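Inspection log for the structure reproduced underneath, given as structure tokens.
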Amino acid sequence: MSAIIIRNGRIIDPANKRDEIGDLVIVNGRVADRSAIRDYRESGSDQSAIDEIDATGLIVAPGLIDIHVHLREPGFGHKETIASGAQAAAAGGFTTVVCMPNTSPAADNPATIAWIKDRAAEVAPVKVLPAGALSKNLGGEELAPLGSLAQAGVVAFTDDGHCVQNHELMRRAVEYAGMLGLPVLDHCQDYNLVGNGLVHEGYWSTLLGLPGWPAAGEEVIVMRDVLLAELCQHPIHCQHVSCAGSVKLIREARARGVKISGEVCPHHIALTDEAIQNFDTNYKMNPPLRAPADVEALMEGIADGTLSILCSDHAPHAGFEKEVEFDAAPFGIVGLETELGIFLDLLVHKNKVIDISRLIEMYTVEPAALLKIDAGTLSTGAPGDVTLIHPNLEWTVKVDDFQSASRNSPFDGWKLKGRAVRTIVNGKTVWKL
Amino acid sequence: MNVRWSRKDLLGLRELSAEEINFILDTADAFKEVGVREVKKVPALRGKTMVNFFVEPSTRTRTSFELAAFRLSADVINMSASTSSLTKGETLKDTARNLEALHTDILVLRHSSAGAPQFLARKIKASVINAGDGAHEHPTQALLDLYTIREKRGRIRDLHVLIVGDILFSRVARSNIFGLTKLGARVTLVGPSTLVPKDFEKLGVQVSHDLDSVLPGADVVNLLRIQHERQRKEYFPGLSEYTSLFGLTKERAKHLQPDCLIMHPGPINRGVEIDSEVADGARSVILDQVTNGLAVRMAVLYLCGGIAT
């Protein structure tokens, strides 16, 4: 038996259109109404187990969800472990993360999913929900055992990091996922158009002689996904949308009712391809940093709801792996511990693209609806997952303070406004500033 | 030593000012004379160690750097990808730090990855000289091209220079674009639209896909090798079609101005981008480029090597 009262915070619960100063009560790990605390007191339970938290000046939000992280286990524990990655999630304000299947072995089989879940239950302070592979060994040639993966408890299917090139296979995967009621998440990249592309094809790739990754290489697969989502009448979610053309395609498709959605990562709005000019591999990610016009289009897509989910694509790599020639370095940067700060700073404070309720909605209601999981709201009876956010706290990113096992971030030294200050999972504080 | 040079590394021409480029060319003037002496050696880098580290194969650039170092009395060792520990899985950074631990003063790097010299220059104290990185820069090649133009035409400003061929994948083209535009030349890139995308116009040059229309107005034609073996994708239908559209044939050469310089960084593909008669003709300065390359590299080693200590 336990109870907590979070006093005097600004409770923002977009699922219930609630935005008011008040107290939030969590009893035995679930959100409760005020009377429950009286019942709890009167029940004669241990009164010292009532934890009082003063949230004056803070936002009390449903626990944030990051639907796109790489926790690297099994197989790449030198980059991150489920323990360190989940701790990084807690430090970033996340109570739930969805981990991608490009592990070793790939999460394309129920045994690996079971291992991840067991490991997470043992060591993770936050909820770790595995995504299963779409194709065997992420190879894009044969379907993974989607039904068995569903039974093992995956929340979505994706070949993230890879992209199924065979449209017929993708169509069958989406249809089959439809039968299982689980969404398909797609890393949109046409292998022929992109080839060995490393950076956005444009001014900087031309100047630096780095192989270009054309925007069309993403857009053509986004278009494919629009057509397949329409054909199969099943949701496809486009991961890490990076360019203007993709935003336009998703916007038009959503307007005519197609079940297509898109997510945005912080680096794609905080940085442009200009950042690559010193060949610093902390600016190398896939899809690459794009041109200023793309950043603008992403902001517009966020503003009008075309892009409905925010996430990190947290991609830890060891220092020695990143400290190599630009083309030899792996793609990706860590993001869990900076994403909320960057989005608050850029979307809410600086550019006023969205207000803070919408930001919270994009981190809670939207991903929970896509994944159909019991999370993302402060309704009575919901899991007691809460993130306390100080919207105006000014802080400086220090990669050496990260909980993540890796340090590959381009944001070291950035001054940001707003961050999570406490993370509560099932009524238990798992991290606080 | 001098107030006009303060860089330990030569990574590319993009970051150099016109004044710095001219200063290298002026320094090369002094060294060119050394090459025709009976004793072709000066003690400028005596006691210094230079490593020629060629992670990508090269004969002429490596030889030119090696000879330049000999003439400056430096001690030289050559390392290639196959003789280095890179093949054993050592990282470039570790290899370079090992070389540094041996008190290497100058590291000349040829690498297939754009930005590799920038990466190393941040990691080690030795001078890093870029001998070609991916499709990014090949600064000493562009400097020797500039030197040759200046020597033969007396100036660079306001000359119209055509660079013809595979621009997209060419580090020689990029370094030439940066150097030529800084020194006031007018540059037109010529080649198929797939290898000379319009994006290049943002670098302050013109783009043409019609060689015949631009040849008569050219003061310099710099032909690049068509690196057919390198190309993963289909960029043009075939070599014979390339030659018919963009090769400097005998016929086309007739439309050149009499004093137009014909240049090529080598190795040339006779009959592909240039006809033999044109390559060996009176307007060709292709072998002067090779000779001047030595003087330019001596200047670069001397200037950067002097700063490193």
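Ligands are numbered from 1 in the order shown, chains are lettered A, B, ... in the order of the structure tokens, and residues start at 1 in each chain.
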
* **In stretch 96-296 of chain B, DSSP strand (DSSP E) residues written as a PyMOL selection string** => chain B and resi 106-111+127-133+160-164+186-190+206-208+220-223+261-263

* To do: Output as a ChimeraX atom specification the set of chain A residues within 12 Å of chain B, with distances taken over only C-alpha atoms.
  => /A:192-199,201-212,276-281,320-329

With DSSP run on the backbone, what are the helix (DSSP H, G or I) residues within stretch 60-237 of chain A? I'd like them as a short mmCIF file (atom, residue, chain, number, x, y, z; two decimals) with C-alpha atoms, in the first residue's frame.
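Result file part28.cif:
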data_model
loop_
_atom_site.label_atom_id
_atom_site.label_comp_id
_atom_site.auth_asym_id
_atom_site.auth_seq_id
_atom_site.Cartn_x
_atom_site.Cartn_y
_atom_site.Cartn_z
CA ILE A 82 18.41 -1.75 -21.04
CA ALA A 83 19.34 -0.57 -17.55
CA SER A 84 21.31 2.51 -18.63
CA GLY A 85 18.93 3.39 -21.46
CA ALA A 86 15.89 3.12 -19.23
CA GLN A 87 17.65 5.22 -16.61
CA ALA A 88 18.34 7.81 -19.31
CA ALA A 89 14.64 7.70 -20.17
CA ALA A 90 13.71 8.34 -16.54
CA ALA A 91 16.16 11.26 -16.42
CA GLY A 92 14.57 12.69 -19.56
CA PRO A 110 9.44 -14.32 -29.40
CA ALA A 111 12.47 -15.51 -27.40
CA THR A 112 14.30 -12.24 -27.87
CA ILE A 113 11.17 -10.27 -27.00
CA ALA A 114 10.78 -12.37 -23.85
CA TRP A 115 14.41 -11.74 -22.95
CA ILE A 116 14.01 -7.97 -23.38
CA LYS A 117 10.87 -7.95 -21.28
CA ASP A 118 12.43 -10.05 -18.54
CA ARG A 119 15.53 -7.92 -18.48
CA ALA A 120 13.47 -4.72 -18.38
CA ALA A 121 11.35 -6.07 -15.53
CA GLU A 122 14.53 -6.72 -13.63
CA VAL A 123 16.50 -3.53 -14.23
CA LYS A 136 13.25 -11.84 -40.52
CA ASN A 137 16.56 -10.49 -39.30
CA LEU A 138 15.40 -7.10 -40.60
CA LEU A 146 4.37 -11.33 -36.53
CA GLY A 147 1.68 -13.35 -34.76
CA SER A 148 4.15 -14.96 -32.37
CA LEU A 149 5.73 -11.58 -31.74
CA ALA A 150 2.28 -10.18 -30.93
CA GLN A 151 1.70 -13.01 -28.49
CA ALA A 152 5.09 -12.29 -26.94
CA HIS A 167 6.40 -3.22 -51.72
CA GLU A 168 4.59 -6.51 -51.97
CA LEU A 169 6.19 -7.81 -48.78
CA MET A 170 5.40 -4.53 -47.07
CA ARG A 171 1.80 -4.74 -48.18
CA ARG A 172 1.47 -8.24 -46.72
CA ALA A 173 3.16 -7.17 -43.51
CA VAL A 174 0.73 -4.28 -43.09
CA GLU A 175 -2.26 -6.48 -43.85
CA TYR A 176 -1.09 -9.09 -41.39
CA ALA A 177 -0.36 -6.48 -38.73
CA GLY A 178 -3.94 -5.31 -39.32
CA MET A 179 -5.24 -8.71 -38.33
CA LEU A 180 -3.15 -8.49 -35.16
CA TYR A 191 17.86 2.16 -50.97
CA ASN A 192 18.35 2.86 -54.64
CA LEU A 193 17.80 6.59 -54.40
CA VAL A 194 19.82 6.96 -51.23
CA TYR A 203 24.48 22.78 -50.83
CA TRP A 204 26.62 21.25 -48.11
CA SER A 205 26.97 17.83 -49.68
CA THR A 206 28.03 19.58 -52.88
CA LEU A 207 30.54 21.74 -51.07
CA LEU A 208 32.00 18.99 -48.91
CA ALA A 216 13.23 12.08 -52.49
CA GLY A 217 14.74 8.93 -50.94
CA GLU A 218 12.46 9.45 -47.95
CA GLU A 219 9.48 10.90 -49.79
CA VAL A 220 9.11 8.02 -52.21
CA ILE A 221 8.70 5.57 -49.30
CA VAL A 222 6.36 7.91 -47.43
CA MET A 223 4.23 7.94 -50.58
CA ARG A 224 4.44 4.14 -50.75
CA ASP A 225 3.26 3.97 -47.15
CA VAL A 226 0.38 6.33 -47.83
CA LEU A 227 -0.78 4.06 -50.63
CA LEU A 228 -0.40 0.90 -48.57
CA ALA A 229 -2.10 2.37 -45.50
CA GLU A 230 -4.98 3.24 -47.78
CA LEU A 231 -5.00 -0.14 -49.50
CA CYS A 232 -4.76 -2.12 -46.27
#

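Taking atom CA of A:Ile26 as the reference point, atom CA of A:Ile5 is found at 6.5 Å.
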
* For A:Gln239, please output as a PyMOL selection string all residues within 9 Å (counting only C-alpha atoms; exclusion window: fewer than 4 positions along the same chain). => chain A and resi 68+160+185-188+261-265+313

Preceding selection exported with N, CA and C atoms as a JSON list (two decimals), in the first residue's frame:
[["chain", "number", "residue", "atom", "x", "y", "z"],
["A", 68, "HIS", "N", 10.32, 5.84, -29.85],
["A", 68, "HIS", "CA", 11.41, 5.48, -30.76],
["A", 68, "HIS", "C", 12.77, 5.59, -30.06],
["A", 160, "ASP", "N", 12.97, -0.70, -38.24],
["A", 160, "ASP", "CA", 13.72, 0.55, -38.08],
["A", 160, "ASP", "C", 15.23, 0.40, -38.20],
["A", 185, "LEU", "N", 5.43, 0.71, -37.94],
["A", 185, "LEU", "CA", 6.25, 1.92, -37.92],
["A", 185, "LEU", "C", 7.29, 1.75, -39.02],
["A", 186, "ASP", "N", 7.47, 2.78, -39.84],
["A", 186, "ASP", "CA", 8.38, 2.59, -40.97],
["A", 186, "ASP", "C", 9.49, 3.64, -41.01],
["A", 187, "HIS", "N", 10.69, 3.12, -41.17],
["A", 187, "HIS", "CA", 11.88, 3.94, -41.42],
["A", 187, "HIS", "C", 11.91, 4.14, -42.94],
["A", 188, "CYS", "N", 11.60, 5.34, -43.39],
["A", 188, "CYS", "CA", 11.35, 5.55, -44.82],
["A", 188, "CYS", "C", 12.62, 5.90, -45.57],
["A", 261, "SER", "N", 0.65, 8.54, -40.17],
["A", 261, "SER", "CA", 1.09, 9.54, -39.19],
["A", 261, "SER", "C", 2.60, 9.70, -39.27],
["A", 262, "GLY", "N", 3.08, 10.70, -38.57],
["A", 262, "GLY", "CA", 4.53, 10.94, -38.62],
["A", 262, "GLY", "C", 5.04, 11.48, -37.30],
["A", 263, "GLU", "N", 6.32, 11.22, -37.08],
["A", 263, "GLU", "CA", 6.98, 11.68, -35.85],
["A", 263, "GLU", "C", 8.16, 12.58, -36.21],
["A", 264, "VAL", "N", 8.57, 13.39, -35.24],
["A", 264, "VAL", "CA", 9.71, 14.29, -35.44],
["A", 264, "VAL", "C", 10.71, 14.10, -34.31],
["A", 265, "CYS", "N", 11.98, 14.11, -34.68],
["A", 265, "CYS", "CA", 13.06, 14.05, -33.70],
["A", 265, "CYS", "C", 13.62, 15.46, -33.47],
["A", 313, "ASP", "N", 14.51, 9.03, -31.29],
["A", 313, "ASP", "CA", 15.39, 8.14, -32.05],
["A", 313, "ASP", "C", 16.74, 8.02, -31.30]]
